[in-house]
$ cat query.txt   # compact mmCIF, C-alpha atoms
# COMPACT_ATOMS: atom_id res chain seq x y z
CA MET A 10 19.08 -56.94 8.26
CA ASN A 11 16.36 -58.96 6.51
CA ILE A 12 14.18 -57.67 3.65
CA GLN A 13 11.10 -57.30 5.87
CA GLN A 14 12.86 -55.03 8.34
CA GLN A 15 14.14 -52.60 5.72
CA PRO A 16 10.81 -50.90 4.88
CA MET A 17 10.06 -50.50 8.59
CA ASN A 18 13.44 -48.91 9.21
CA GLN A 19 12.96 -46.58 6.25
CA GLN A 20 9.52 -45.57 7.55
CA SER A 21 11.00 -44.99 11.00
CA ALA A 22 13.68 -42.73 9.50
CA ILE A 23 11.03 -40.76 7.62
CA ASN A 24 8.96 -40.34 10.79
CA ASN A 25 12.01 -39.17 12.75
CA GLN A 26 12.88 -36.67 10.03
CA ALA A 27 9.34 -35.29 10.01
CA MET A 28 9.41 -35.00 13.80
CA MET A 29 12.71 -33.10 13.72
CA GLN A 30 11.37 -30.71 11.07
CA ASN A 31 8.27 -30.09 13.17
CA MET A 32 10.39 -29.39 16.27
CA GLN A 33 12.53 -26.95 14.33
CA GLN A 34 9.50 -25.03 13.03
CA PRO A 35 9.53 -21.50 14.49
CA THR A 36 6.88 -21.08 17.16
CA ASP A 37 5.81 -17.73 15.69
CA THR A 38 4.24 -19.49 12.69
CA LYS A 39 1.73 -21.23 14.92
CA HIS A 40 -1.64 -19.99 16.17
CA GLY A 41 -3.94 -21.06 18.97
CA GLY A 42 -7.46 -22.16 18.13
CA HIS A 43 -9.08 -19.25 19.95
CA GLU A 44 -6.68 -16.88 18.22
CA LEU A 45 -7.59 -18.23 14.78
CA MET A 46 -11.28 -17.58 15.34
CA ASP A 47 -10.76 -14.10 16.78
CA VAL A 48 -8.45 -12.94 13.99
CA HIS A 49 -10.83 -14.50 11.47
CA GLU A 50 -13.57 -12.35 13.03
CA VAL A 51 -11.40 -9.22 12.85
CA LEU A 52 -10.51 -9.73 9.19
CA SER A 53 -14.11 -10.54 8.24
CA CYS A 54 -15.41 -7.44 10.02
CA THR A 55 -12.73 -5.29 8.38
CA ILE A 56 -13.78 -6.52 4.95
CA SER A 57 -17.39 -5.72 5.80
CA THR A 58 -16.46 -2.21 6.95
CA LEU A 59 -14.41 -1.57 3.82
CA ASP A 60 -17.25 -2.76 1.60
CA GLN A 61 -19.78 -0.59 3.41
CA TYR A 62 -17.52 2.48 3.18
CA LEU A 63 -17.49 1.84 -0.58
CA LEU A 64 -21.29 1.87 -0.64
CA TYR A 65 -21.55 4.97 1.54
CA LYS A 66 -19.18 7.02 -0.58
CA GLN A 67 -21.50 7.13 -3.58
CA HIS A 68 -24.29 8.66 -1.45
CA VAL A 69 -22.26 11.30 0.46
CA LYS A 70 -22.84 14.93 -0.48
CA ASP A 71 -20.38 16.73 1.83
CA PRO A 72 -16.84 16.79 0.34
CA GLU A 73 -15.43 16.84 3.89
CA LEU A 74 -17.15 13.55 4.75
CA THR A 75 -16.03 12.10 1.41
CA ASP A 76 -12.44 12.96 2.35
CA ILE A 77 -12.82 11.20 5.69
CA ILE A 78 -14.22 8.10 3.97
CA ASN A 79 -11.36 8.05 1.45
CA ARG A 80 -8.60 8.44 4.04
CA GLN A 81 -10.07 5.98 6.51
CA HIS A 82 -10.78 3.42 3.77
CA GLN A 83 -7.18 3.65 2.54
CA PHE A 84 -5.82 3.29 6.07
CA MET A 85 -8.01 0.31 6.95
CA LEU A 86 -7.20 -1.39 3.65
CA ASP A 87 -3.47 -1.14 4.36
CA ASN A 88 -4.03 -2.35 7.92
CA TYR A 89 -6.03 -5.31 6.60
CA ASN A 90 -3.23 -6.24 4.19
CA ILE A 91 -0.43 -6.28 6.76
CA LEU A 92 -2.56 -8.16 9.30
CA THR A 93 -3.38 -10.76 6.64
CA GLU A 94 0.32 -11.05 5.75
CA CYS A 95 1.55 -11.72 9.27
CA PHE A 96 -1.47 -13.91 10.12
CA LYS A 97 -0.62 -16.25 7.25
CA SER A 98 3.17 -16.19 7.66
CA GLY A 99 3.66 -15.64 11.39
CA MET A 100 6.44 -13.20 10.50
CA ASN A 101 6.77 -9.44 10.23
CA PRO A 102 4.60 -7.93 7.47
CA SER A 103 6.02 -5.99 4.52
CA HIS A 104 5.92 -2.79 6.58
CA HIS A 105 5.07 -1.64 10.10
CA THR A 106 1.69 -0.37 11.16
CA SER A 107 1.36 3.35 10.55
CA ARG A 108 -0.30 6.04 12.64
CA TYR A 109 -3.65 7.43 11.55
CA GLU A 110 -3.68 11.22 11.39
CA MET A 111 -7.10 12.83 11.53
CA THR A 112 -7.71 16.29 10.05
CA GLN A 113 -10.49 17.41 12.40
CA SER A 114 -9.69 19.76 15.26
CA ASN A 115 -9.97 18.70 18.90
CA ASP A 116 -12.51 21.42 19.68
CA VAL A 117 -15.75 20.00 21.05
CA VAL A 118 -19.02 21.93 21.16
CA TYR A 119 -20.74 21.20 24.47
CA GLY A 120 -24.41 21.63 25.26
CA LEU A 121 -27.68 20.77 23.58
CA THR A 122 -29.67 22.82 21.09
CA PRO A 123 -33.30 22.08 20.15
CA SER A 124 -33.76 19.86 17.11
CA GLN A 125 -36.45 17.79 15.45
CA PRO A 126 -37.10 14.39 17.07
CA ARG A 127 -35.52 11.54 15.15
CA LYS A 128 -37.32 8.50 13.81
CA PRO A 129 -36.55 5.63 11.42
CA LYS A 130 -36.42 6.53 7.73
CA MET A 131 -39.19 5.24 5.51
CA ASN A 132 -37.51 6.06 2.21
CA ALA A 133 -33.89 5.53 1.11
CA SER A 134 -33.85 9.07 -0.31
CA GLU A 135 -34.04 10.42 3.26
CA ILE A 136 -30.64 8.96 4.14
CA GLY A 137 -28.04 11.73 4.10
CA ASP A 138 -24.65 12.66 5.51
CA ARG A 139 -25.88 12.56 9.10
CA CYS A 140 -27.07 8.97 8.72
CA ILE A 141 -23.95 7.89 6.87
CA SER A 142 -21.59 9.38 9.44
CA ASN A 143 -23.62 7.58 12.14
CA TYR A 144 -23.20 4.30 10.29
CA MET A 145 -19.47 4.90 9.94
CA LEU A 146 -19.07 5.64 13.64
CA GLY A 147 -20.97 2.49 14.57
CA LEU A 148 -18.76 0.36 12.32
CA ILE A 149 -15.50 1.78 13.65
CA LYS A 150 -16.62 1.42 17.27
CA ALA A 151 -17.55 -2.23 16.66
CA ASP A 152 -14.24 -2.92 14.89
CA SER A 153 -12.35 -1.32 17.79
CA ALA A 154 -14.05 -3.72 20.21
CA PHE A 155 -13.23 -6.75 18.03
CA LEU A 156 -9.58 -5.68 17.74
CA THR A 157 -9.23 -5.15 21.49
CA LYS A 158 -10.80 -8.52 22.28
CA ALA A 159 -8.60 -10.28 19.72
CA ALA A 160 -5.41 -8.63 21.01
CA LEU A 161 -6.08 -10.17 24.42
CA GLU A 162 -6.40 -13.68 22.95
CA VAL A 163 -3.62 -13.78 20.32
CA THR A 164 -0.59 -15.94 21.15
CA ASN A 165 1.46 -15.15 18.04
CA PRO A 166 3.74 -12.21 19.03
CA VAL A 167 3.78 -10.53 15.62
CA VAL A 168 0.03 -10.76 15.04
CA ARG A 169 -0.65 -9.60 18.59
CA ARG A 170 1.49 -6.51 18.11
CA VAL A 171 -0.10 -5.60 14.76
CA ILE A 172 -3.59 -5.90 16.25
CA ALA A 173 -2.68 -4.06 19.46
CA ASP A 174 -1.10 -1.22 17.47
CA SER A 175 -4.28 -0.96 15.39
CA VAL A 176 -6.55 -0.21 18.36
CA PRO A 177 -5.38 3.41 18.96
CA ASN A 178 -5.76 4.09 15.23
CA TYR A 179 -9.37 2.91 15.21
CA ILE A 180 -10.04 5.03 18.29
CA GLU A 181 -8.60 8.00 16.39
CA MET A 182 -10.81 7.31 13.38
CA ALA A 183 -13.88 7.07 15.61
CA TYR A 184 -12.95 10.37 17.25
CA GLU A 185 -12.54 12.02 13.84
CA ILE A 186 -16.06 10.96 12.84
CA PHE A 187 -17.38 12.18 16.19
CA GLN A 188 -15.69 15.55 15.67
CA TYR A 189 -17.25 15.84 12.22
CA GLN A 190 -20.68 15.02 13.63
CA ASN A 191 -20.28 17.33 16.61
CA LYS A 192 -19.31 20.25 14.37
CA HIS A 193 -22.48 19.76 12.31
CA GLN A 194 -24.64 19.22 15.43
CA TYR A 195 -25.29 15.60 14.44
CA TYR A 196 -23.71 14.46 17.72
CA GLN A 197 -24.45 16.84 20.58
CA VAL A 198 -22.66 16.51 23.91
CA ALA A 199 -24.71 17.03 27.04
CA GLN A 200 -23.05 18.24 30.24
CA LEU A 201 -23.83 18.13 33.94
CA ASN A 202 -24.33 21.45 35.64
CA ALA A 203 -21.19 23.07 37.06
CA GLN A 204 -21.89 22.01 40.66
CA ASP A 205 -22.48 18.35 39.80
CA MET A 206 -19.43 18.31 37.53
CA GLN A 207 -17.22 19.56 40.34
CA LEU A 208 -18.65 16.99 42.74
CA VAL A 209 -17.68 14.19 40.35
CA LEU A 210 -14.26 15.67 39.62
CA ASN A 211 -13.48 16.08 43.32
CA SER A 212 -14.66 12.58 44.25
CA TYR A 213 -11.14 11.24 43.50
CA THR A 214 -7.68 12.19 44.71
CA THR A 215 -4.13 10.90 44.19
CA THR A 216 -2.33 8.59 46.60
CA THR A 217 1.11 8.92 48.17
CA GLY A 218 1.72 5.18 48.50
CA GLN A 219 4.68 3.89 46.47
CA THR A 220 4.82 0.16 47.20
CA LEU A 221 2.50 -2.43 48.69
CA GLN A 222 3.03 -3.14 52.39
$ encode --input "query.txt" --output "structure tokens"
Amino acid sequence: MNIQQQPMNQQSAINNQAMMQNMQQPTDTKHGGHELMDVHEVLSCTISTLDQYLLYKQHVKDPELTDIINRQHQFMLDNYNILTECFKSGMNPSHHTSRYEMTQSNDVVYGLTPSQPRKPKMNASEIGDRCISNYMLGLIKADSAFLTKAALEVTNPVVRRVIADSVPNYIEMAYEIFQYQNKHQYYQVAQLNAQDMQLVLNSYTTTTGQTLQ
């Protein structure tokens, strides 16, 4: 072996070693480009929601709504942390996703009652618990949509599972805010008349087919 060949052989050995290390890298530490952008969007939106909850809390007057803000903020913050962990490492986070437990009942008040027409506020002092709970519901609904979209694009198995498991929890938080609003007549639920409701309900039936022919 001459002196000129030695550096080339050393460089070749280094390149082969780097290639072997890259081949041995676990696939779960890698992310697709589309996935990176979607999870980036989820994390950014979560930060925005958490920050806005922090702003809302100082203006809330109803202790019940304050409790909802506190519990949902704590839950989303923990969810943000474990998603960030597994997004950066590609491995299981420090703990599993938990299940959000709302405190509102499942009783819904149906029907409409007369109320004053709504219009945009012209003074910040007019913004109260009704407005804030509306803002919260809008944020959680938007975050739910981002999470669902991201879960369908993620290739990393751990990150996909964390995001997918988060969707039912965000739905639960949105339902809790709805229940709070419905109880205070902030969110009224209109119904069809009984005859029309039955027509819609009876427009579908089950099938007896078991397998495709």
$ closest_residue --input "query.txt" --among "A:Gly120, A:Arg169, A:Thr217, A:Gln207" --to "A:Gln194" --atoms "all atoms listed in the file"
A:Gly120
$ closest_residue --input "query.txt" --among "A:Thr112, A:Glu94, A:Gly99, A:Tyr119" --to "A:Ala199" --atoms "all atoms listed in the file"
A:Tyr119
$ closest_residue --input "query.txt" --among "A:Ala133, A:Asp152, A:Asn191, A:Asn88" --to "A:Ser114" --atoms "all atoms listed in the file"
A:Asn191
$ residues_around --input "query.txt" --residues "stretch 177-189 of chain A" --least-positions-apart "2" --cutoff "8 Å" --atoms "all atoms listed in the file" --output "VMD selection string"
chain A and resid 74 77 81 108 to 117 142 145 to 146 149 to 150 152 to 153 173 to 175 191 to 193 196
$ closest_residue --input "query.txt" --among "A:Cys54, A:Thr215, A:Ile136, A:Leu45" --to "A:Ala160" --atoms "only C-alpha atoms"
A:Leu45
$ atom_distance --input "query.txt" --atom1 "atom CA of A:Asn90" --atom2 "atom CA of A:Thr58"
14.1 Å
$ atom_distance --input "query.txt" --atom1 "atom CA of A:Met85" --atom2 "atom CA of A:Ser57"
11.2 Å
$ closest_residue --input "query.txt" --among "A:Glu135, A:Asp87, A:Glu73, A:Asp205" --to "A:Leu59" --atoms "only C-alpha atoms"
A:Asp87
$ decode --input "query.txt" --residues "stretch 74-98 of chain A" --atoms "N, CA, C and O atoms" --output "tab-separated table (two decimals), in the first residue's frame"
chain	number	residue	atom	x	y	z
A	74	LEU	N	-66.33	27.89	35.97
A	74	LEU	CA	-65.58	28.04	34.72
A	74	LEU	C	-64.08	28.12	35.00
A	74	LEU	O	-63.28	27.60	34.25
A	75	THR	N	-63.72	28.75	36.12
A	75	THR	CA	-62.31	28.80	36.52
A	75	THR	C	-61.78	27.39	36.74
A	75	THR	O	-60.65	27.06	36.35
A	76	ASP	N	-62.59	26.53	37.37
A	76	ASP	CA	-62.19	25.15	37.61
A	76	ASP	C	-61.98	24.40	36.30
A	76	ASP	O	-61.02	23.63	36.16
A	77	ILE	N	-62.86	24.64	35.33
A	77	ILE	CA	-62.72	23.99	34.03
A	77	ILE	C	-61.42	24.44	33.36
A	77	ILE	O	-60.67	23.63	32.80
A	78	ILE	N	-61.15	25.75	33.41
A	78	ILE	CA	-59.92	26.27	32.82
A	78	ILE	C	-58.69	25.64	33.47
A	78	ILE	O	-57.75	25.21	32.77
A	79	ASN	N	-58.69	25.56	34.79
A	79	ASN	CA	-57.54	25.01	35.50
A	79	ASN	C	-57.30	23.55	35.14
A	79	ASN	O	-56.16	23.14	34.85
A	80	ARG	N	-58.36	22.74	35.14
A	80	ARG	CA	-58.20	21.32	34.87
A	80	ARG	C	-57.82	21.06	33.42
A	80	ARG	O	-56.98	20.22	33.13
A	81	GLN	N	-58.44	21.79	32.50
A	81	GLN	CA	-58.12	21.59	31.09
A	81	GLN	C	-56.72	22.09	30.77
A	81	GLN	O	-55.99	21.46	29.99
A	82	HIS	N	-56.32	23.20	31.38
A	82	HIS	CA	-54.96	23.72	31.16
A	82	HIS	C	-53.92	22.71	31.65
A	82	HIS	O	-52.94	22.43	30.95
A	83	GLN	N	-54.14	22.14	32.81
A	83	GLN	CA	-53.21	21.17	33.37
A	83	GLN	C	-53.13	19.93	32.48
A	83	GLN	O	-52.04	19.40	32.23
A	84	PHE	N	-54.28	19.48	31.98
A	84	PHE	CA	-54.30	18.29	31.13
A	84	PHE	C	-53.58	18.56	29.82
A	84	PHE	O	-52.76	17.74	29.36
A	85	MET	N	-53.88	19.68	29.19
A	85	MET	CA	-53.24	20.00	27.90
A	85	MET	C	-51.75	20.21	28.05
A	85	MET	O	-50.96	19.86	27.16
A	86	LEU	N	-51.33	20.80	29.17
A	86	LEU	CA	-49.91	21.01	29.41
A	86	LEU	C	-49.17	19.68	29.51
A	86	LEU	O	-48.09	19.51	28.93
A	87	ASP	N	-49.75	18.72	30.22
A	87	ASP	CA	-49.14	17.40	30.33
A	87	ASP	C	-49.12	16.71	28.97
A	87	ASP	O	-48.12	16.08	28.58
A	88	ASN	N	-50.20	16.85	28.21
A	88	ASN	CA	-50.26	16.25	26.88
A	88	ASN	C	-49.22	16.87	25.95
A	88	ASN	O	-48.58	16.16	25.15
A	89	TYR	N	-49.03	18.17	26.06
A	89	TYR	CA	-48.00	18.86	25.27
A	89	TYR	C	-46.62	18.31	25.61
A	89	TYR	O	-45.81	18.07	24.71
A	90	ASN	N	-46.35	18.12	26.88
A	90	ASN	CA	-45.02	17.65	27.31
A	90	ASN	C	-44.70	16.26	26.77
A	90	ASN	O	-43.60	16.03	26.26
A	91	ILE	N	-45.64	15.33	26.88
A	91	ILE	CA	-45.34	13.97	26.42
A	91	ILE	C	-45.29	13.89	24.90
A	91	ILE	O	-44.51	13.10	24.35
A	92	LEU	N	-46.07	14.72	24.21
A	92	LEU	CA	-45.98	14.73	22.75
A	92	LEU	C	-44.63	15.31	22.32
A	92	LEU	O	-44.00	14.80	21.40
A	93	THR	N	-44.17	16.35	23.00
A	93	THR	CA	-42.87	16.93	22.69
A	93	THR	C	-41.75	15.92	22.95
A	93	THR	O	-40.80	15.81	22.16
A	94	GLU	N	-41.87	15.17	24.05
A	94	GLU	CA	-40.86	14.16	24.38
A	94	GLU	C	-40.71	13.13	23.26
A	94	GLU	O	-39.61	12.88	22.76
A	95	CYS	N	-41.83	12.51	22.89
A	95	CYS	CA	-41.74	11.42	21.90
A	95	CYS	C	-41.46	11.96	20.50
A	95	CYS	O	-40.87	11.26	19.67
A	96	PHE	N	-41.86	13.20	20.22
A	96	PHE	CA	-41.58	13.81	18.92
A	96	PHE	C	-40.07	14.00	18.73
A	96	PHE	O	-39.53	13.77	17.66
A	97	LYS	N	-39.39	14.39	19.81
A	97	LYS	CA	-37.96	14.64	19.74
A	97	LYS	C	-37.14	13.35	19.80
A	97	LYS	O	-36.07	13.25	19.20
A	98	SER	N	-37.64	12.36	20.55
A	98	SER	CA	-36.86	11.13	20.76
A	98	SER	C	-37.29	9.98	19.86
A	98	SER	O	-36.50	9.08	19.57
